[in-house]
file final_29.tsv (TSV, C-alpha atoms and all ligand atoms)
chain	number	residue	atom	x	y	z
A	1	MET	CA	31.73	-19.71	-45.09
A	2	ALA	CA	35.43	-19.40	-45.82
A	3	SER	CA	36.93	-15.93	-45.77
A	4	GLU	CA	40.40	-14.58	-46.42
A	5	ASN	CA	41.05	-13.64	-42.80
A	6	ALA	CA	40.04	-17.03	-41.42
A	7	ASP	CA	42.28	-20.05	-41.04
A	8	SER	CA	41.54	-23.73	-40.65
A	9	VAL	CA	42.72	-25.51	-37.50
A	10	VAL	CA	43.92	-29.08	-37.91
A	11	ILE	CA	44.70	-31.32	-34.94
A	12	GLU	CA	46.43	-34.64	-35.59
A	13	GLY	CA	47.01	-37.40	-33.07
A	14	LEU	CA	47.10	-34.99	-30.15
A	15	SER	CA	47.88	-36.54	-26.78
A	16	LEU	CA	48.86	-35.00	-23.46
A	17	ALA	CA	49.57	-36.43	-20.03
A	18	TYR	CA	49.94	-34.69	-16.70
A	19	ASP	CA	52.36	-36.86	-14.69
A	20	THR	CA	51.06	-40.33	-15.45
A	21	THR	CA	47.48	-39.33	-16.21
A	22	ASP	CA	46.48	-39.14	-19.87
A	23	VAL	CA	44.30	-36.07	-20.27
A	24	LEU	CA	44.06	-36.01	-24.07
A	25	LYS	CA	44.12	-39.31	-25.92
A	26	GLY	CA	44.78	-39.14	-29.64
A	27	ILE	CA	42.55	-36.28	-30.80
A	28	ASP	CA	42.06	-35.82	-34.56
A	29	LEU	CA	40.04	-32.83	-35.78
A	30	ARG	CA	39.69	-30.46	-38.69
A	31	ILE	CA	38.01	-27.11	-38.09
A	32	GLU	CA	37.09	-25.22	-41.26
A	33	PRO	CA	37.93	-21.54	-41.89
A	34	GLY	CA	35.20	-19.29	-40.49
A	35	GLU	CA	33.52	-22.10	-38.60
A	36	LEU	CA	32.08	-21.71	-35.10
A	37	PHE	CA	33.21	-24.97	-33.59
A	38	THR	CA	32.47	-26.09	-30.04
A	39	PHE	CA	34.27	-28.44	-27.65
A	40	LEU	CA	31.47	-29.84	-25.49
A	41	GLY	CA	31.95	-32.19	-22.56
A	42	PRO	CA	31.58	-32.57	-18.80
A	43	SER	CA	33.94	-30.93	-16.35
A	44	GLY	CA	37.36	-32.59	-16.43
A	45	SER	CA	36.90	-34.04	-19.93
A	46	GLY	CA	39.89	-32.11	-21.30
A	47	LYS	CA	38.21	-29.19	-23.11
A	48	SER	CA	40.40	-26.44	-21.63
A	49	THR	CA	43.53	-28.52	-22.04
A	50	LEU	CA	42.74	-29.03	-25.73
A	51	LEU	CA	42.02	-25.33	-26.23
A	52	ARG	CA	45.25	-24.39	-24.44
A	53	CYS	CA	47.14	-26.72	-26.78
A	54	VAL	CA	45.75	-24.75	-29.75
A	55	ALA	CA	46.68	-21.47	-28.03
A	56	GLY	CA	50.16	-22.71	-27.10
A	57	PHE	CA	49.79	-22.49	-23.32
A	58	GLY	CA	50.97	-25.32	-21.11
A	59	PRO	CA	53.13	-28.34	-21.90
A	60	THR	CA	53.84	-29.33	-25.50
A	61	PRO	CA	51.54	-32.19	-26.52
A	62	ARG	CA	52.38	-35.15	-28.73
A	63	GLY	CA	50.93	-34.92	-32.22
A	64	ARG	CA	50.54	-31.89	-34.49
A	65	ILE	CA	48.55	-28.68	-34.64
A	66	LEU	CA	48.26	-26.68	-37.84
A	67	ILE	CA	46.74	-23.23	-38.16
A	68	GLY	CA	46.17	-22.46	-41.81
A	69	GLU	CA	49.21	-23.76	-43.65
A	70	HIS	CA	51.52	-23.51	-40.67
A	71	GLU	CA	52.45	-26.12	-38.14
A	72	VAL	CA	52.36	-24.35	-34.76
A	73	THR	CA	52.85	-27.29	-32.37
A	74	HIS	CA	56.14	-25.92	-31.09
A	75	LEU	CA	55.50	-22.19	-31.50
A	76	PRO	CA	54.89	-19.89	-28.52
A	77	PRO	CA	51.38	-18.36	-28.20
A	78	TRP	CA	52.35	-14.97	-29.64
A	79	ARG	CA	53.46	-16.55	-32.91
A	80	ARG	CA	50.22	-18.42	-33.55
A	81	ASN	CA	47.82	-15.57	-34.44
A	82	VAL	CA	45.24	-16.80	-31.98
A	83	GLY	CA	43.26	-14.74	-29.48
A	84	MET	CA	41.87	-16.28	-26.32
A	85	VAL	CA	39.13	-15.12	-23.96
A	86	PHE	CA	39.20	-16.78	-20.55
A	87	GLN	CA	36.42	-17.65	-18.15
A	88	SER	CA	37.72	-15.01	-15.76
A	89	TYR	CA	38.15	-12.04	-18.05
A	90	ALA	CA	41.51	-11.00	-16.66
A	91	LEU	CA	41.08	-7.28	-17.35
A	92	TRP	CA	43.61	-4.88	-15.82
A	93	PRO	CA	41.73	-3.37	-12.84
A	94	HIS	CA	43.78	-0.16	-12.72
A	95	MET	CA	43.31	0.68	-16.40
A	96	THR	CA	40.30	2.21	-18.13
A	97	VAL	CA	38.31	0.20	-20.66
A	98	TYR	CA	40.09	2.16	-23.39
A	99	ARG	CA	43.54	1.30	-22.07
A	100	ASN	CA	42.63	-2.33	-21.51
A	101	VAL	CA	41.66	-2.60	-25.17
A	102	ALA	CA	44.54	-0.45	-26.49
A	103	PHE	CA	47.14	-2.36	-24.48
A	104	GLY	CA	47.56	-5.25	-26.93
A	105	LEU	CA	48.23	-2.81	-29.77
A	106	GLU	CA	50.76	-0.80	-27.76
A	107	GLU	CA	52.51	-4.02	-26.82
A	108	ARG	CA	52.72	-4.99	-30.49
A	109	ARG	CA	54.20	-1.59	-31.37
A	110	VAL	CA	51.28	-0.64	-33.59
A	111	PRO	CA	51.84	3.00	-34.73
A	112	SER	CA	50.23	5.25	-32.12
A	113	ALA	CA	48.33	7.24	-34.78
A	114	GLU	CA	46.44	4.07	-35.66
A	115	ILE	CA	45.46	3.10	-32.13
A	116	PRO	CA	42.48	5.40	-31.32
A	117	ARG	CA	40.64	4.45	-34.50
A	118	ARG	CA	41.11	0.74	-33.88
A	119	VAL	CA	40.11	0.96	-30.22
A	120	GLU	CA	36.97	2.85	-31.17
A	121	ALA	CA	36.12	0.28	-33.86
A	122	ALA	CA	36.66	-2.65	-31.47
A	123	LEU	CA	34.62	-1.04	-28.67
A	124	ASP	CA	31.88	-0.09	-31.16
A	125	MET	CA	31.77	-3.69	-32.29
A	126	VAL	CA	30.78	-4.76	-28.77
A	127	GLY	CA	28.65	-1.65	-28.14
A	128	LEU	CA	30.84	-0.16	-25.41
A	129	TRP	CA	32.49	2.93	-26.89
A	130	GLU	CA	30.57	5.24	-24.55
A	131	LEU	CA	32.05	3.42	-21.53
A	132	ALA	CA	35.66	3.78	-22.70
A	133	ASP	CA	36.63	5.93	-19.69
A	134	ARG	CA	35.34	3.55	-17.02
A	135	ARG	CA	37.35	1.02	-15.04
A	136	PRO	CA	36.46	-2.69	-15.07
A	137	SER	CA	35.06	-2.52	-11.51
A	138	GLN	CA	32.47	0.01	-12.73
A	139	LEU	CA	31.12	-2.43	-15.32
A	140	SER	CA	28.63	-5.30	-15.13
A	141	GLY	CA	29.78	-8.87	-15.77
A	142	GLY	CA	28.41	-8.76	-19.31
A	143	GLN	CA	30.16	-5.48	-20.04
A	144	GLN	CA	33.46	-6.85	-18.70
A	145	GLN	CA	33.06	-9.84	-20.97
A	146	ARG	CA	32.50	-7.51	-23.94
A	147	VAL	CA	35.69	-5.62	-23.06
A	148	ALA	CA	37.55	-8.94	-22.96
A	149	LEU	CA	36.17	-9.73	-26.42
A	150	ALA	CA	37.12	-6.29	-27.79
A	151	ARG	CA	40.60	-6.63	-26.34
A	152	THR	CA	41.01	-9.99	-28.07
A	153	ILE	CA	39.62	-9.12	-31.51
A	154	ILE	CA	41.48	-5.80	-31.79
A	155	VAL	CA	44.77	-7.55	-32.54
A	156	GLU	CA	43.06	-9.33	-35.46
A	157	PRO	CA	43.71	-12.95	-34.52
A	158	ARG	CA	43.06	-15.54	-37.21
A	159	VAL	CA	41.50	-17.91	-34.70
A	160	LEU	CA	39.36	-16.90	-31.71
A	161	LEU	CA	39.39	-19.21	-28.67
A	162	LEU	CA	36.66	-18.83	-26.06
A	163	ASP	CA	36.92	-20.95	-22.90
A	164	GLU	CA	33.52	-21.02	-21.16
A	165	PRO	CA	33.28	-17.25	-21.67
A	166	LEU	CA	29.70	-17.05	-20.39
A	167	SER	CA	29.85	-19.26	-17.32
A	168	ASN	CA	30.22	-16.35	-14.88
A	169	LEU	CA	27.08	-14.62	-16.15
A	170	ASP	CA	23.49	-15.04	-15.00
A	171	ALA	CA	21.09	-17.04	-17.15
A	172	ASN	CA	19.43	-14.16	-19.04
A	173	LEU	CA	22.66	-12.42	-19.80
A	174	ARG	CA	24.18	-15.70	-20.93
A	175	VAL	CA	21.50	-16.07	-23.59
A	176	GLN	CA	21.98	-12.49	-24.75
A	177	MET	CA	25.79	-12.74	-24.84
A	178	ARG	CA	25.51	-16.01	-26.75
A	179	ARG	CA	23.62	-14.13	-29.45
A	180	GLU	CA	26.15	-11.29	-29.42
A	181	ILE	CA	29.09	-13.66	-29.78
A	182	LEU	CA	27.39	-15.37	-32.69
A	183	GLU	CA	26.70	-12.03	-34.41
A	184	LEU	CA	30.26	-10.87	-33.84
A	185	GLN	CA	31.62	-14.14	-35.18
A	186	ARG	CA	29.42	-13.91	-38.29
A	187	LYS	CA	30.47	-10.31	-38.87
A	188	LEU	CA	34.20	-11.02	-38.53
A	189	LYS	CA	33.96	-14.48	-40.13
A	190	LEU	CA	36.61	-15.59	-37.68
A	191	THR	CA	37.36	-19.26	-37.12
A	192	THR	CA	36.15	-19.66	-33.55
A	193	ILE	CA	36.54	-22.47	-31.03
A	194	PHE	CA	34.03	-22.21	-28.22
A	195	VAL	CA	34.30	-24.35	-25.09
A	196	THR	CA	31.32	-25.19	-22.92
A	197	HIS	CA	29.87	-27.92	-20.71
A	198	ASP	CA	26.34	-26.71	-21.51
A	199	GLN	CA	24.71	-28.71	-24.30
A	200	GLU	CA	21.99	-26.11	-24.92
A	201	GLU	CA	24.60	-23.39	-25.32
A	202	ALA	CA	26.52	-25.63	-27.73
A	203	ASN	CA	23.41	-26.43	-29.76
A	204	THR	CA	22.34	-22.83	-30.20
A	205	ILE	CA	25.72	-21.37	-31.13
A	206	SER	CA	27.66	-24.01	-33.08
A	207	ASP	CA	28.14	-24.93	-36.71
A	208	ARG	CA	29.63	-28.17	-35.44
A	209	ILE	CA	30.30	-29.71	-32.05
A	210	ALA	CA	33.02	-32.10	-30.86
A	211	VAL	CA	31.88	-34.10	-27.84
A	212	LEU	CA	34.73	-34.93	-25.44
A	213	ASP	CA	34.76	-37.39	-22.58
A	214	GLU	CA	37.83	-38.38	-20.58
A	215	GLY	CA	40.17	-36.94	-23.18
A	216	ILE	CA	38.63	-38.90	-26.04
A	217	LEU	CA	36.70	-37.38	-28.91
A	218	GLN	CA	33.38	-39.19	-28.87
A	219	GLN	CA	31.75	-37.62	-31.93
A	220	VAL	CA	31.95	-34.63	-34.23
A	221	GLY	CA	28.94	-33.26	-36.06
A	222	SER	CA	26.34	-30.57	-36.43
A	223	PRO	CA	23.92	-30.14	-33.51
A	224	MET	CA	21.34	-31.96	-35.66
A	225	ASP	CA	23.71	-34.88	-36.44
A	226	LEU	CA	24.47	-35.39	-32.77
A	227	TYR	CA	20.84	-35.19	-31.79
A	228	ASP	CA	19.60	-37.50	-34.56
A	229	SER	CA	22.44	-40.03	-34.63
A	230	PRO	CA	24.52	-40.15	-31.46
A	231	VAL	CA	27.27	-42.73	-31.90
A	232	ASN	CA	27.12	-44.02	-28.36
A	233	ARG	CA	25.33	-43.93	-25.07
A	234	PHE	CA	27.54	-41.19	-23.64
A	235	VAL	CA	26.70	-38.75	-26.46
A	236	ALA	CA	23.00	-39.63	-26.33
A	237	ASP	CA	22.84	-39.18	-22.56
A	238	PHE	CA	24.98	-36.05	-22.46
A	239	LEU	CA	23.06	-34.26	-25.19
A	240	GLY	CA	19.78	-35.51	-23.81
A	241	THR	CA	20.44	-33.91	-20.44
A	242	ALA	CA	18.59	-30.64	-20.17
A	243	ASN	CA	20.43	-28.23	-17.92
B	1	LIG	P1	37.67	-29.30	-18.69
B	1	LIG	O1	38.09	-27.99	-19.23
B	1	LIG	O2	36.93	-30.15	-19.67
B	1	LIG	O3	36.91	-29.19	-17.40
B	1	LIG	P2	40.51	-29.70	-18.19
B	1	LIG	O4	41.13	-29.66	-19.52
B	1	LIG	O5	40.59	-28.49	-17.35
B	1	LIG	O6	38.96	-30.16	-18.35
B	1	LIG	O7	41.09	-30.90	-17.35
B	1	LIG	C1	41.19	-32.21	-17.84
B	1	LIG	C2	41.87	-33.08	-16.81
B	1	LIG	O8	43.22	-32.67	-16.67
B	1	LIG	C3	41.24	-32.99	-15.43
B	1	LIG	O9	41.27	-34.28	-14.86
B	1	LIG	C4	42.16	-32.06	-14.69
B	1	LIG	O10	42.17	-32.33	-13.32
B	1	LIG	C5	43.50	-32.34	-15.33
B	1	LIG	N1	44.39	-31.16	-15.36
B	1	LIG	C6	44.13	-29.98	-15.97
B	1	LIG	N2	45.15	-29.12	-15.83
B	1	LIG	C7	46.09	-29.77	-15.09
B	1	LIG	C8	47.39	-29.42	-14.60
B	1	LIG	N3	47.93	-28.22	-14.87
B	1	LIG	N4	48.06	-30.35	-13.89
B	1	LIG	C9	47.53	-31.57	-13.63
B	1	LIG	N5	46.32	-31.95	-14.07
B	1	LIG	C10	45.61	-31.09	-14.78
B	2	MG	MG	37.69	-26.04	-18.59
call {"tool": "encode", "arguments": {"input": "final_29.tsv", "output": "structure tokens"}}
result
Amino acid sequence: MASENADSVVIEGLSLAYDTTDVLKGIDLRIEPGELFTFLGPSGSGKSTLLRCVAGFGPTPRGRILIGEHEVTHLPPWRRNVGMVFQSYALWPHMTVYRNVAFGLEERRVPSAEIPRRVEAALDMVGLWELADRRPSQLSGGQQQRVALARTIIVEPRVLLLDEPLSNLDANLRVQMRREILELQRKLKLTTIFVTHDQEEANTISDRIAVLDEGILQQVGSPMDLYDSPVNRFVADFLGTAN
């Protein structure tokens, strides 16, 4: 599954406290290049905090984070080669779809002759090229999410971070977008960390899942491993809960 444009992500002894509350408690993880890896856990378990640590947002944690060969623990987000899609897509409302997607390239001083081709390729990848002239308010929730994805992949991150990207969508669209994200990830062979509290979503999309509860990693394994051999009651109950 490894590919030359994918990096591993290694997390060693990662801990983080807000004030006196420990939110992450000694997380150790290795995510393989090209893997679709999911952080699964109930609300408040620390999934977003852990993802933000990988992205470089928020306070510096204790421990180490490596992306590929490089330790990034103390690097700002823009030096980590990661791309993040948030739950709220955070598109620029006053810009067209095209400009929203082109913006990251302009900001990085990519030669302007290169930009149209790359925007077209990124929007094609998510099936939205024909809507390039619209504004976000003229798009459905699913289309806005696709723009957010295009905007993130266009800068060619080496790791894609998705924080509950489907939670604002209705049930049918969620299933469809799940499939689209999986196809996109397979096509790009990008190391991807996907965050969700939905065990069914995790099971259908993931190569492997890390189950989090109260800032502690409960178990890491394939959907099958977790289903067949949960290490404790929490994992068994959480994965057993149909939602
Ligand atoms: P999840 O994404 O799994 O729902 P979070 O990572 O958002 O969980 O939150 C984990 C815990 O950290 C929660 O108890 C939350 O209230 C707390 N927390 C998150 N962000 C902050 C913050 N900026 N300041 C203080 N506490 C926070
Ligand atoms: Mg969260």
call {"tool": "residues_around", "arguments": {"input": "final_29.tsv", "residues": "segment 201-209 of chain A", "least_positions_apart": "6", "cutoff": "8 Å", "atoms": "only C-alpha atoms", "output": "PyMOL selection string"}}
result
chain A and resi 35-40+178-179+182+220-223
call {"tool": "write_last_selection", "arguments": {"input": "final_29.tsv", "atoms": "C-alpha atoms", "output": "PDB file, keeping the file's coordinate frame"}}
result
ATOM      1  CA  GLU A  35      33.520 -22.100 -38.600  1.00  0.00           C
ATOM      2  CA  LEU A  36      32.080 -21.710 -35.100  1.00  0.00           C
ATOM      3  CA  PHE A  37      33.210 -24.970 -33.590  1.00  0.00           C
ATOM      4  CA  THR A  38      32.470 -26.090 -30.040  1.00  0.00           C
ATOM      5  CA  PHE A  39      34.270 -28.440 -27.650  1.00  0.00           C
ATOM      6  CA  LEU A  40      31.470 -29.840 -25.490  1.00  0.00           C
ATOM      7  CA  ARG A 178      25.510 -16.010 -26.750  1.00  0.00           C
ATOM      8  CA  ARG A 179      23.620 -14.130 -29.450  1.00  0.00           C
ATOM      9  CA  LEU A 182      27.390 -15.370 -32.690  1.00  0.00           C
ATOM     10  CA  VAL A 220      31.950 -34.630 -34.230  1.00  0.00           C
ATOM     11  CA  GLY A 221      28.940 -33.260 -36.060  1.00  0.00           C
ATOM     12  CA  SER A 222      26.340 -30.570 -36.430  1.00  0.00           C
ATOM     13  CA  PRO A 223      23.920 -30.140 -33.510  1.00  0.00           C
TER      14      PRO A 223
END
call {"tool": "residues_around", "arguments": {"input": "final_29.tsv", "residues": "segment 163-169 of chain A", "least_positions_apart": "6", "cutoff": "10 Å", "atoms": "all atoms listed in the file", "output": "MDAnalysis selection string"}}
result
chainID A and resid 38:39 47:48 51:52 84:89 140:142 145 148:149 175:178 181 193:198 201
call {"tool": "closest_residue", "arguments": {"input": "final_29.tsv", "among": "A:Asn232, A:Ser137, A:Asn172, A:Thr191", "to": "Gln219 of chain A", "atoms": "all atoms listed in the file"}}
result
A:Asn232
call {"tool": "residues_near_point", "arguments": {"input": "final_29.tsv", "point": "(48.9, -17.9, -25.5)", "cutoff": "8 Å", "atoms": "all atoms listed in the file", "output": "JSON, numbers by chain"}}
result
{"A": [52, 55, 56, 57, 76, 77, 78, 82, 83, 84]}
call {"tool": "write_last_selection", "arguments": {"input": "final_29.tsv", "atoms": "C-alpha atoms", "output": "CSV table (one decimal), keeping the file's coordinate frame"}}
result
chain,number,residue,atom,x,y,z
A,52,ARG,CA,45.2,-24.4,-24.4
A,55,ALA,CA,46.7,-21.5,-28.0
A,56,GLY,CA,50.2,-22.7,-27.1
A,57,PHE,CA,49.8,-22.5,-23.3
A,76,PRO,CA,54.9,-19.9,-28.5
A,77,PRO,CA,51.4,-18.4,-28.2
A,78,TRP,CA,52.4,-15.0,-29.6
A,82,VAL,CA,45.2,-16.8,-32.0
A,83,GLY,CA,43.3,-14.7,-29.5
A,84,MET,CA,41.9,-16.3,-26.3
call {"tool": "residues_near_ligand", "arguments": {"input": "final_29.tsv", "ligand": "ligand LIG 1 (chain B)", "cutoff": "6 Å", "atoms": "all atoms listed in the file", "output": "ChimeraX atom specification"}}
result
/A:18,23,42-49
call {"tool": "atom_distance", "arguments": {"input": "final_29.tsv", "atom1": "atom CA of Asp7 of chain A", "atom2": "atom CA of Val54 of chain A"}}
result
12.7 Å
call {"tool": "residues_around", "arguments": {"input": "final_29.tsv", "residues": "Asp237 of chain A", "least_positions_apart": "6", "cutoff": "12 Å", "atoms": "only C-alpha atoms", "output": "list in words"}}
result
Gly41, Pro42, Gln199, Val211, Leu226, Tyr227, Pro230 and Val231 of chain A
call {"tool": "write_last_selection", "arguments": {"input": "final_29.tsv", "atoms": "C-alpha atoms", "output": "PDB file, in the frame of the given file"}}
result
ATOM      1  CA  GLY A  41      31.950 -32.190 -22.560  1.00  0.00           C
ATOM      2  CA  PRO A  42      31.580 -32.570 -18.800  1.00  0.00           C
ATOM      3  CA  GLN A 199      24.710 -28.710 -24.300  1.00  0.00           C
ATOM      4  CA  VAL A 211      31.880 -34.100 -27.840  1.00  0.00           C
ATOM      5  CA  LEU A 226      24.470 -35.390 -32.770  1.00  0.00           C
ATOM      6  CA  TYR A 227      20.840 -35.190 -31.790  1.00  0.00           C
ATOM      7  CA  PRO A 230      24.520 -40.150 -31.460  1.00  0.00           C
ATOM      8  CA  VAL A 231      27.270 -42.730 -31.900  1.00  0.00           C
TER       9      VAL A 231
END
call {"tool": "closest_residue", "arguments": {"input": "final_29.tsv", "among": "A:Gly127, A:Asp19, A:Ala6, A:Leu212", "to": "ligand MG 2 (chain B)", "atoms": "all atoms listed in the file"}}
result
A:Leu212
call {"tool": "atom_distance", "arguments": {"input": "final_29.tsv", "atom1": "atom CA of Leu239 of chain A", "atom2": "atom CA of Ala210 of chain A"}}
result
11.7 Å
call {"tool": "atom_distance", "arguments": {"input": "final_29.tsv", "atom1": "atom CA of Tyr98 of chain A", "atom2": "atom CA of Arg174 of chain A"}}
result
24.0 Å
call {"tool": "residues_around", "arguments": {"input": "final_29.tsv", "residues": "Glu114 of chain A", "least_positions_apart": "6", "cutoff": "12 Å", "atoms": "all atoms listed in the file", "output": "ChimeraX atom specification"}}
result
/A:102,105-106,120-121,154
call {"tool": "write_last_selection", "arguments": {"input": "final_29.tsv", "atoms": "C-alpha atoms", "output": "mmCIF file, in the frame of the given file"}}
result
data_model
loop_
_atom_site.group_PDB
_atom_site.id
_atom_site.type_symbol
_atom_site.label_atom_id
_atom_site.label_comp_id
_atom_site.auth_asym_id
_atom_site.auth_seq_id
_atom_site.Cartn_x
_atom_site.Cartn_y
_atom_site.Cartn_z
ATOM 1 C CA ALA A 102 44.540 -0.450 -26.490
ATOM 2 C CA LEU A 105 48.230 -2.810 -29.770
ATOM 3 C CA GLU A 106 50.760 -0.800 -27.760
ATOM 4 C CA GLU A 120 36.970 2.850 -31.170
ATOM 5 C CA ALA A 121 36.120 0.280 -33.860
ATOM 6 C CA ILE A 154 41.480 -5.800 -31.790
#
call {"tool": "closest_residue", "arguments": {"input": "final_29.tsv", "among": "A:Leu50, A:Val155, A:Ile115, A:Arg108", "to": "ligand MG 2 (chain B)", "atoms": "only C-alpha atoms and all ligand atoms"}}
result
A:Leu50
call {"tool": "decode", "arguments": {"input": "final_29.tsv", "residues": "segment 64-125 of chain A", "atoms": "C-alpha atoms", "output": "PDB file, in the first residue's frame"}}
result
ATOM      1  CA  ARG A  64       6.929  13.265  19.760  1.00  0.00           C
ATOM      2  CA  ILE A  65       5.246  13.298  16.379  1.00  0.00           C
ATOM      3  CA  LEU A  66       7.074  12.202  13.250  1.00  0.00           C
ATOM      4  CA  ILE A  67       5.806  12.572   9.704  1.00  0.00           C
ATOM      5  CA  GLY A  68       7.924  10.451   7.399  1.00  0.00           C
ATOM      6  CA  GLU A  69      11.499  10.886   8.569  1.00  0.00           C
ATOM      7  CA  HIS A  70      10.920  14.269  10.147  1.00  0.00           C
ATOM      8  CA  GLU A  71      10.086  15.145  13.700  1.00  0.00           C
ATOM      9  CA  VAL A  72       7.380  17.814  13.494  1.00  0.00           C
ATOM     10  CA  THR A  73       6.393  18.157  17.168  1.00  0.00           C
ATOM     11  CA  HIS A  74       7.551  21.767  17.314  1.00  0.00           C
ATOM     12  CA  LEU A  75       6.911  22.806  13.714  1.00  0.00           C
ATOM     13  CA  PRO A  76       4.057  25.141  12.751  1.00  0.00           C
ATOM     14  CA  PRO A  77       1.221  23.630  10.642  1.00  0.00           C
ATOM     15  CA  TRP A  78       2.467  25.041   7.330  1.00  0.00           C
ATOM     16  CA  ARG A  79       5.784  23.207   7.668  1.00  0.00           C
ATOM     17  CA  ARG A  80       4.258  19.773   8.232  1.00  0.00           C
ATOM     18  CA  ASN A  81       2.872  18.938   4.757  1.00  0.00           C
ATOM     19  CA  VAL A  82      -0.498  18.020   6.182  1.00  0.00           C
ATOM     20  CA  GLY A  83      -3.912  19.034   4.888  1.00  0.00           C
ATOM     21  CA  MET A  84      -6.928  19.181   7.164  1.00  0.00           C
ATOM     22  CA  VAL A  85     -10.647  19.185   6.415  1.00  0.00           C
ATOM     23  CA  PHE A  86     -12.821  20.418   9.268  1.00  0.00           C
ATOM     24  CA  GLN A  87     -16.331  19.480  10.301  1.00  0.00           C
ATOM     25  CA  SER A  88     -17.496  22.941   9.283  1.00  0.00           C
ATOM     26  CA  TYR A  89     -15.957  23.295   5.847  1.00  0.00           C
ATOM     27  CA  ALA A  90     -14.783  26.856   6.358  1.00  0.00           C
ATOM     28  CA  LEU A  91     -15.074  27.883   2.704  1.00  0.00           C
ATOM     29  CA  TRP A  92     -14.748  31.577   1.850  1.00  0.00           C
ATOM     30  CA  PRO A  93     -18.368  32.685   1.255  1.00  0.00           C
ATOM     31  CA  HIS A  94     -17.471  35.628  -0.990  1.00  0.00           C
ATOM     32  CA  MET A  95     -15.272  33.603  -3.346  1.00  0.00           C
ATOM     33  CA  THR A  96     -16.299  31.267  -6.156  1.00  0.00           C
ATOM     34  CA  VAL A  97     -15.595  27.551  -5.916  1.00  0.00           C
ATOM     35  CA  TYR A  98     -12.680  28.100  -8.293  1.00  0.00           C
ATOM     36  CA  ARG A  99     -11.141  30.817  -6.130  1.00  0.00           C
ATOM     37  CA  ASN A 100     -11.693  28.844  -2.945  1.00  0.00           C
ATOM     38  CA  VAL A 101      -9.694  25.976  -4.435  1.00  0.00           C
ATOM     39  CA  ALA A 102      -7.059  28.176  -6.129  1.00  0.00           C
ATOM     40  CA  PHE A 103      -6.462  30.217  -2.982  1.00  0.00           C
ATOM     41  CA  GLY A 104      -4.045  27.782  -1.326  1.00  0.00           C
ATOM     42  CA  LEU A 105      -1.871  27.743  -4.451  1.00  0.00           C
ATOM     43  CA  GLU A 106      -1.841  31.535  -4.757  1.00  0.00           C
ATOM     44  CA  GLU A 107      -0.888  31.780  -1.101  1.00  0.00           C
ATOM     45  CA  ARG A 108       2.009  29.391  -1.691  1.00  0.00           C
ATOM     46  CA  ARG A 109       3.206  31.461  -4.655  1.00  0.00           C
ATOM     47  CA  VAL A 110       2.666  28.648  -7.133  1.00  0.00           C
ATOM     48  CA  PRO A 111       3.387  30.050 -10.642  1.00  0.00           C
ATOM     49  CA  SER A 112       0.121  31.472 -11.979  1.00  0.00           C
ATOM     50  CA  ALA A 113       0.449  29.578 -15.282  1.00  0.00           C
ATOM     51  CA  GLU A 114       0.198  26.328 -13.336  1.00  0.00           C
ATOM     52  CA  ILE A 115      -2.867  27.217 -11.298  1.00  0.00           C
ATOM     53  CA  PRO A 116      -5.796  26.706 -13.743  1.00  0.00           C
ATOM     54  CA  ARG A 117      -4.658  23.209 -14.667  1.00  0.00           C
ATOM     55  CA  ARG A 118      -4.283  22.175 -11.036  1.00  0.00           C
ATOM     56  CA  VAL A 119      -7.624  23.679  -9.999  1.00  0.00           C
ATOM     57  CA  GLU A 120      -9.344  21.864 -12.846  1.00  0.00           C
ATOM     58  CA  ALA A 121      -7.665  18.579 -11.886  1.00  0.00           C
ATOM     59  CA  ALA A 122      -8.622  18.959  -8.216  1.00  0.00           C
ATOM     60  CA  LEU A 123     -12.234  19.900  -9.003  1.00  0.00           C
ATOM     61  CA  ASP A 124     -12.452  17.051 -11.543  1.00  0.00           C
ATOM     62  CA  MET A 125     -11.244  14.678  -8.873  1.00  0.00           C
TER      63      MET A 125
END
